[in-house]
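**Q** My questions all concern the structure below.
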Amino acid sequence: MRLIRRSFEIIGDVVVIEIPDEVMHLKDEIVKAILTRHKHVKTILRKVGEVSGEYRVAKYEVVYGHKTETIVKEHGCRFIVDPTKAYYSVKLSGERERIAKLVREGERVLVMFAGVGPYAIVIAKLSKPREVVGIELNPIAAEYFRKNVVMNKVVDVVKVYEGDVRDIVPKLDGRFDRVVMPAPYSAEDFVYLLRRKVKAGSFVHYYTFESANKEGSLPEKVRELFAKHGMDVDIVKIKKCGSFAPYVNRYVVDVVVR
Ligand SMILES: C[S@@+](CC[C@H](N)C(=O)[O-])C[C@H]1O[C@@H](n2cnc3c(N)ncnc32)[C@H](O)[C@@H]1O
């Protein structure tokens with residue numbers, strides 16, 4: 001059992017699990033054990049390849065059931081998701097709530113790399129922003145995002161753009177009070193886009209990967225990165241929000257523009 005606990009996620013009525021080749025002969029027992037403990041489960045997906053590519057979707061094989069689309073509940077919102085086609089992780093739900101609670105009434109918020117819309121929709125539901133703009137490249141994720149906006153009744157607040165942030169952000173009018181950047185990889189490549197989209201007092205939530213032993217250098221690194229692109233920022237907070245590989249963590253760095 002210890003071997004298969006390395007990765008186990010329940011997404012609606014879909015279970016995502018890693019079953020190493022060495023224990024695949026126990027597949028039927030593993031399926032039975034999951035179904036006994038989690039009676040609502042309809043599909044079990046075995047992760048056979050890491051999250052990869054621009055769309056950040058892992059490879060799976062179905063070991064039980066058929067349908068891979070499901071509905072997941074989070075902070076009073078409901079999302080249609082399909083882990084085999086678009087990125088969605090339950091693990092970041094606490095972080096989405098944290099950001100949503102920071103949003104003040106009337107803010108205009110930009111969510112880059114919006115996926116199926118969880119950040120944008122949780123912000124719209126839990127706080128009172130004036131507008132939330134979400135941008136997503138994967139057409140299937142963007143389609144789920146549009147459906148999720150309708151399902152959660154936030155069409156008046158959340159605007160969905162399908163495409164590359166590098167094409168769309170420069171065309172957006174005006175500036176934002178807050179920008180969320182849950183980038184798929186190398187977030188530093190996208191910081192230049194913010195220059196004309198933030199103002200003094202704007203907050204940016206910058207997600208990045210860093211070796212655990214270099215955590216201490218993050219504030220200076222992030223300050224320098226923003227300065228390189230013409231933005232003076234103060235670091236408000238640095239928080240670990242998940243691990244990526246042994247000794248490599250995902251961090252969120254909250255900054256405020258001077
Ligand atoms: C790590 S996922 C985060 C998704 C979502 N924010 C969430 O928390 O579930 C990154 C997302 O960015 C999208 N993406 C990758 N490159 C992009 C780009 N250049 N412009 C817009 N979206 C992009 C991917 O398709 C993926 O859905």
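Chains: A, B, ... in order of the structure tokens. Residues: from 1 per chain. Ligands: from 1, in order shown.
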Neighbours of ligand 1 within 6 Å, counting only C-alpha atoms and all ligand atoms, as a PyMOL selection string?

**A** chain A and resi 54-56+87-89+113-115+118+135-138+163-165+182-184

**Q** What lies within 9 Å of A:Ala200 using only C-alpha atoms, ignoring chain neighbours under 5 positions off, as a PDB file with all heavy atoms, in the first residue's frame?

**A**
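Saved file out.pdb follows:
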```pdb
ATOM      1  N   ASP A 177      -5.612  45.712 -10.331  1.00  0.00           N
ATOM      2  CA  ASP A 177      -5.265  45.870  -8.918  1.00  0.00           C
ATOM      3  C   ASP A 177      -4.506  44.650  -8.414  1.00  0.00           C
ATOM      4  O   ASP A 177      -3.809  44.722  -7.405  1.00  0.00           O
ATOM      5  CB  ASP A 177      -6.546  46.010  -8.070  1.00  0.00           C
ATOM      6  CG  ASP A 177      -7.355  47.211  -8.519  1.00  0.00           C
ATOM      7  OD1 ASP A 177      -6.842  48.332  -8.385  1.00  0.00           O
ATOM      8  OD2 ASP A 177      -8.481  47.023  -9.033  1.00  0.00           O
ATOM      9  N   VAL A 256       4.019  43.670  -3.851  1.00  0.00           N
ATOM     10  CA  VAL A 256       3.200  44.860  -4.082  1.00  0.00           C
ATOM     11  C   VAL A 256       4.064  45.852  -4.853  1.00  0.00           C
ATOM     12  O   VAL A 256       5.254  46.009  -4.571  1.00  0.00           O
ATOM     13  CB  VAL A 256       2.650  45.442  -2.756  1.00  0.00           C
ATOM     14  CG1 VAL A 256       3.750  45.861  -1.797  1.00  0.00           C
ATOM     15  CG2 VAL A 256       1.684  46.595  -3.002  1.00  0.00           C
ATOM     16  N   VAL A 257       3.456  46.477  -5.861  1.00  0.00           N
ATOM     17  CA  VAL A 257       4.200  47.416  -6.716  1.00  0.00           C
ATOM     18  C   VAL A 257       4.300  48.766  -6.015  1.00  0.00           C
ATOM     19  O   VAL A 257       3.306  49.269  -5.487  1.00  0.00           O
ATOM     20  CB  VAL A 257       3.478  47.555  -8.092  1.00  0.00           C
ATOM     21  CG1 VAL A 257       4.213  48.554  -8.990  1.00  0.00           C
ATOM     22  CG2 VAL A 257       3.350  46.199  -8.769  1.00  0.00           C
ATOM     23  N   ARG A 258       5.513  49.334  -6.016  1.00  0.00           N
ATOM     24  CA  ARG A 258       5.710  50.638  -5.343  1.00  0.00           C
ATOM     25  C   ARG A 258       5.157  51.775  -6.179  1.00  0.00           C
ATOM     26  O   ARG A 258       5.208  51.724  -7.406  1.00  0.00           O
ATOM     27  CB  ARG A 258       7.202  50.901  -5.156  1.00  0.00           C
ATOM     28  CG  ARG A 258       7.746  50.162  -3.978  1.00  0.00           C
ATOM     29  CD  ARG A 258       9.144  50.673  -3.663  1.00  0.00           C
ATOM     30  NE  ARG A 258       9.851  49.712  -2.848  1.00  0.00           N
ATOM     31  CZ  ARG A 258      11.166  49.585  -2.816  1.00  0.00           C
ATOM     32  NH1 ARG A 258      11.920  50.347  -3.570  1.00  0.00           N
ATOM     33  NH2 ARG A 258      11.726  48.688  -2.040  1.00  0.00           N
TER      34      ARG A 258
END
```

**Q** Could you pull out all residues of stretch 20-237 of chain A with a DSSP call of helix (DSSP H, G or I) and give them as a ChimeraX atom specification?

**A** /A:21-37,90-102,118-126,139-151,165-171,187-194,212-228

**Q** Env of A:Met24: 12 Å cut, atoms = only C-alpha atoms, seq-sep filter 2 positions within chain, self excluded. Answer as a list in words.

**A**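 Surrounding residues, per the criterion: Met1, Leu3, Ile4, Ile17, Glu18, Ile19, Pro20, Asp21, Glu22, Leu26, Lys27, Asp28, Glu29, Ile30, Val31, Arg46, Val48 and Val63 of chain A.
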
**Q** Could you please take those selected residues and save N, CA, C and O atoms as an mmCIF file, in the first residue's frame?

**A**
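That gives us result-v2.cif:
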```cif
data_model
loop_
_atom_site.group_PDB
_atom_site.id
_atom_site.type_symbol
_atom_site.label_atom_id
_atom_site.label_comp_id
_atom_site.auth_asym_id
_atom_site.auth_seq_id
_atom_site.Cartn_x
_atom_site.Cartn_y
_atom_site.Cartn_z
ATOM 1 N N MET A 1 0.840 -1.202 0.000
ATOM 2 C CA MET A 1 0.000 0.000 0.000
ATOM 3 C C MET A 1 0.875 1.252 0.000
ATOM 4 O O MET A 1 0.537 2.248 -0.606
ATOM 5 N N LEU A 3 3.619 1.846 -1.471
ATOM 6 C CA LEU A 3 4.061 2.164 -2.819
ATOM 7 C C LEU A 3 3.033 2.989 -3.600
ATOM 8 O O LEU A 3 3.368 3.892 -4.331
ATOM 9 N N ILE A 4 1.751 2.654 -3.418
ATOM 10 C CA ILE A 4 0.738 3.331 -4.229
ATOM 11 C C ILE A 4 0.216 4.620 -3.590
ATOM 12 O O ILE A 4 -0.558 5.329 -4.174
ATOM 13 N N ILE A 17 -4.337 7.942 -9.433
ATOM 14 C CA ILE A 17 -3.422 7.199 -8.573
ATOM 15 C C ILE A 17 -2.188 6.758 -9.361
ATOM 16 O O ILE A 17 -2.257 6.564 -10.584
ATOM 17 N N GLU A 18 -1.073 6.631 -8.650
ATOM 18 C CA GLU A 18 0.123 6.065 -9.276
ATOM 19 C C GLU A 18 0.198 4.609 -8.857
ATOM 20 O O GLU A 18 0.188 4.321 -7.655
ATOM 21 N N ILE A 19 0.241 3.693 -9.818
ATOM 22 C CA ILE A 19 0.446 2.278 -9.476
ATOM 23 C C ILE A 19 1.723 1.839 -10.192
ATOM 24 O O ILE A 19 1.727 1.659 -11.408
ATOM 25 N N PRO A 20 2.824 1.693 -9.459
ATOM 26 C CA PRO A 20 4.068 1.295 -10.113
ATOM 27 C C PRO A 20 3.944 -0.080 -10.774
ATOM 28 O O PRO A 20 3.136 -0.909 -10.318
ATOM 29 N N ASP A 21 4.716 -0.312 -11.822
ATOM 30 C CA ASP A 21 4.667 -1.592 -12.546
ATOM 31 C C ASP A 21 4.802 -2.783 -11.594
ATOM 32 O O ASP A 21 4.123 -3.799 -11.767
ATOM 33 N N GLU A 22 5.679 -2.639 -10.564
ATOM 34 C CA GLU A 22 5.948 -3.759 -9.641
ATOM 35 C C GLU A 22 4.689 -4.261 -8.946
ATOM 36 O O GLU A 22 4.655 -5.393 -8.479
ATOM 37 N N LEU A 26 -1.395 -6.461 -8.676
ATOM 38 C CA LEU A 26 -2.385 -6.318 -7.590
ATOM 39 C C LEU A 26 -3.496 -5.326 -7.963
ATOM 40 O O LEU A 26 -4.262 -4.902 -7.109
ATOM 41 N N LYS A 27 -3.526 -4.959 -9.244
ATOM 42 C CA LYS A 27 -4.454 -3.918 -9.701
ATOM 43 C C LYS A 27 -5.895 -4.147 -9.234
ATOM 44 O O LYS A 27 -6.532 -3.230 -8.696
ATOM 45 N N ASP A 28 -6.404 -5.368 -9.391
ATOM 46 C CA ASP A 28 -7.808 -5.624 -9.036
ATOM 47 C C ASP A 28 -8.054 -5.401 -7.539
ATOM 48 O O ASP A 28 -9.075 -4.843 -7.152
ATOM 49 N N GLU A 29 -7.097 -5.829 -6.729
ATOM 50 C CA GLU A 29 -7.222 -5.618 -5.273
ATOM 51 C C GLU A 29 -7.179 -4.131 -4.941
ATOM 52 O O GLU A 29 -7.923 -3.651 -4.084
ATOM 53 N N ILE A 30 -6.310 -3.411 -5.633
ATOM 54 C CA ILE A 30 -6.184 -1.960 -5.375
ATOM 55 C C ILE A 30 -7.505 -1.269 -5.727
ATOM 56 O O ILE A 30 -8.034 -0.458 -4.955
ATOM 57 N N VAL A 31 -8.053 -1.618 -6.888
ATOM 58 C CA VAL A 31 -9.336 -1.035 -7.321
ATOM 59 C C VAL A 31 -10.416 -1.335 -6.285
ATOM 60 O O VAL A 31 -11.165 -0.441 -5.864
ATOM 61 N N ARG A 46 -4.934 5.604 -13.717
ATOM 62 C CA ARG A 46 -3.550 5.354 -13.300
ATOM 63 C C ARG A 46 -2.652 6.352 -14.039
ATOM 64 O O ARG A 46 -2.699 6.449 -15.279
ATOM 65 N N VAL A 48 0.405 7.445 -15.795
ATOM 66 C CA VAL A 48 1.505 6.710 -16.436
ATOM 67 C C VAL A 48 2.567 7.651 -17.019
ATOM 68 O O VAL A 48 3.562 7.204 -17.558
ATOM 69 N N VAL A 63 -8.120 2.463 -15.322
ATOM 70 C CA VAL A 63 -8.052 1.099 -14.778
ATOM 71 C C VAL A 63 -9.404 0.644 -14.230
ATOM 72 O O VAL A 63 -9.592 -0.520 -13.909
#
```

**Q** Could you pull the residues within 9 Å of A:Lys147, counting only C-alpha atoms, minus those fewer than 3 positions along the same chain, as a PyMOL selection string?

**A** chain A and resi 79-80+116+142-144+150-152

**Q** Keeping N, CA and C atoms for every residue in the selection just given, could you write it to a file as an mmCIF file, in the first residue's frame?

**A**
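Saved file again_11.cif follows:
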```cif
data_model
loop_
_atom_site.group_PDB
_atom_site.id
_atom_site.type_symbol
_atom_site.label_atom_id
_atom_site.label_comp_id
_atom_site.auth_asym_id
_atom_site.auth_seq_id
_atom_site.Cartn_x
_atom_site.Cartn_y
_atom_site.Cartn_z
ATOM 1 N N PHE A 79 -16.956 22.797 -10.402
ATOM 2 C CA PHE A 79 -16.200 22.865 -11.649
ATOM 3 C C PHE A 79 -16.335 21.560 -12.431
ATOM 4 N N ILE A 80 -16.611 21.696 -13.730
ATOM 5 C CA ILE A 80 -16.522 20.514 -14.601
ATOM 6 C C ILE A 80 -15.064 20.409 -15.006
ATOM 7 N N VAL A 116 -9.141 25.632 -15.990
ATOM 8 C CA VAL A 116 -10.598 25.495 -16.120
ATOM 9 C C VAL A 116 -11.317 26.553 -15.272
ATOM 10 N N ALA A 142 -10.124 26.025 -21.762
ATOM 11 C CA ALA A 142 -10.876 27.280 -21.926
ATOM 12 C C ALA A 142 -12.374 26.990 -22.086
ATOM 13 N N GLU A 143 -12.698 25.902 -22.784
ATOM 14 C CA GLU A 143 -14.108 25.522 -22.964
ATOM 15 C C GLU A 143 -14.731 25.147 -21.602
ATOM 16 N N TYR A 144 -13.990 24.380 -20.800
ATOM 17 C CA TYR A 144 -14.475 24.061 -19.443
ATOM 18 C C TYR A 144 -14.596 25.346 -18.616
ATOM 19 N N VAL A 150 -20.502 29.902 -16.373
ATOM 20 C CA VAL A 150 -21.969 29.883 -16.473
ATOM 21 C C VAL A 150 -22.550 29.097 -15.298
ATOM 22 N N MET A 151 -21.985 27.926 -15.044
ATOM 23 C CA MET A 151 -22.524 27.051 -13.999
ATOM 24 C C MET A 151 -22.473 27.724 -12.618
ATOM 25 N N ASN A 152 -21.458 28.559 -12.400
ATOM 26 C CA ASN A 152 -21.310 29.219 -11.087
ATOM 27 C C ASN A 152 -21.925 30.619 -11.051
#
```

**Q** Using only C-alpha atoms, which residue out of A:Val122, A:Val51, A:Val81, A:Ala33 lies closest to A:Val158?

**A** A:Val122

**Q** As an exercise, work out the distance from atom CA of A:His229 to atom CA of A:Phe209 in Å and give it to one decimal place.

**A**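 Separation of atom CA of A:His229 and atom CA of A:Phe209: 19.9 Å.
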
**Q** Distance atom CA of A:Thr68-atom CA of A:Ser93, one decimal place?

**A**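 Atom-to-atom, atom CA of A:Thr68 and atom CA of A:Ser93 are spaced 20.3 Å apart.
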
**Q** Distance atom CA of A:Asp234-atom CA of A:Tyr247, one decimal place?

**A**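 Atom-to-atom, atom CA of A:Asp234 and atom CA of A:Tyr247 are spaced 26.6 Å apart.
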
**Q** Nearest residue to A:Tyr207 out of A:Tyr185, A:Val62, A:Glu220, A:Tyr192, using only C-alpha atoms?

**A**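 Closest residue, counting only C-alpha atoms: A:Tyr185.
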
**Q** Find, counting only C-alpha atoms, the residue in A:Leu126, A:Met112, A:Ile10, A:Leu35 that gets nearest to A:Asp167.

**A**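 Comparing A:Leu126, A:Met112, A:Ile10, A:Leu35 against A:Asp167, the winner is A:Met112.
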
**Q** Name the residues in contact with A:Gly134 at a cut-off of 7 Å, using only C-alpha atoms, excluding same-chain residues fewer than 2 positions from it; report them as number ranges by chain.

**A** A: 110-112, 114, 120, 132, 136, 159-161

**Q** Give the strand (DSSP E) residues of stretch 50-223 of chain A, as assigned by DSSP on the backbone, as a ChimeraX atom specification.

**A** /A:50-52,57-64,70-74,77-81,108-111,131-136,158-162,178-181,203-211
